[in-house]
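Below: the structure, in structure tokens.
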Amino acid sequence: MTDEHRISVNEHGDMLVHEDDIESVGLLDVARLQKIESLGYSLDEDGIETYEDMQRVSKAIDTIRREVSPSRVALAGIVFLLLIGVMVSGWYWALPRDAVNVETQYLQRGGHLMMSEIHNVGSRDITDVSVQIEFQSLDGEVLGLMSIEVDRIESHSSLAGDTLEMLIIGYTVWDEYVIVIDLDYTDYNANRHSETWSHSVGIWSNEHFNDKADRSTWPIS
């Protein structure tokens, strides 16, 4: 630092500021230098360099604060969620996969009421679909039966109707029974699938079952 820009101090350590110094250094700089000196930094050449480094760091922090605002952080979060949504949507709608569910509702309504629905939640059609649902006693006696056969169920679609609804009367609601569900279908690659599920009912007056067939996803399987 040159002599013309050096800050003079008296015997008590107070800074002596002349008009020339104020004009050349600036009142704001003098105030900042006084604050730096009060924190224990000397105002020699090394101290001025430390002060200048602190000023550069302070300016960098102010720039970051301006650029990384809460609104920009929120916008980045929204964009990230949108990207995740696009990826999940692409997996659900476009990625070749086979996924079939059979949903069954059991109710005690003047007897034993059962309603079923087939869901092809995969991205490819299934063919030669057959579903048979039996209402059995604990001894294996078939007390009621409903079934359906269709040539094709398209992707992301469901099948229900009167043929998948059954009301069985004449049997007490205080006993336990068994619902047996058989599903057969052919996937997109002409592979035949057979699934069987059984559920005990009668303890509760309202029960819901959602049975899922084995999944296959390209190119994993």
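Starting from 1 in every chain, residues are counted up; chains themselves are A, B, ... following the order of the structure tokens, and ligands are numbered from 1 as listed.
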
>> Residues near Val102 in chain A, anyone? I mean within 9 Å using only C-alpha atoms, not counting same-chain ones fewer than 5 positions away, as JSON, numbers by chain.
In response: {"A": [116, 117, 118, 119, 120, 131, 181, 183, 209, 210, 211, 212, 213]}

>> Among range 155-196 of chain A, which ones does DSSP assign to strand (DSSP E) (computed from the backbone)? Answer as a VMD selection string.
In response: chain A and resid 157 to 159 165 to 168 177 to 186 192 to 196

>> My list of candidates is A:Leu143, A:Ile84, A:Ile153, A:Leu113. Which is closest to Asp98 in chain A when distances are computed with only C-alpha atoms?
In response: A:Ile153

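Across the model, the gap from CA of Gly122 in chain A to CA of Met146 in chain A is 24.7 Å.
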
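Counting only C-alpha atoms, the residue from A:Gln132, A:Thr163, A:Thr127, A:Ser157 that sits nearest to Ser198 in chain A is A:Gln132.
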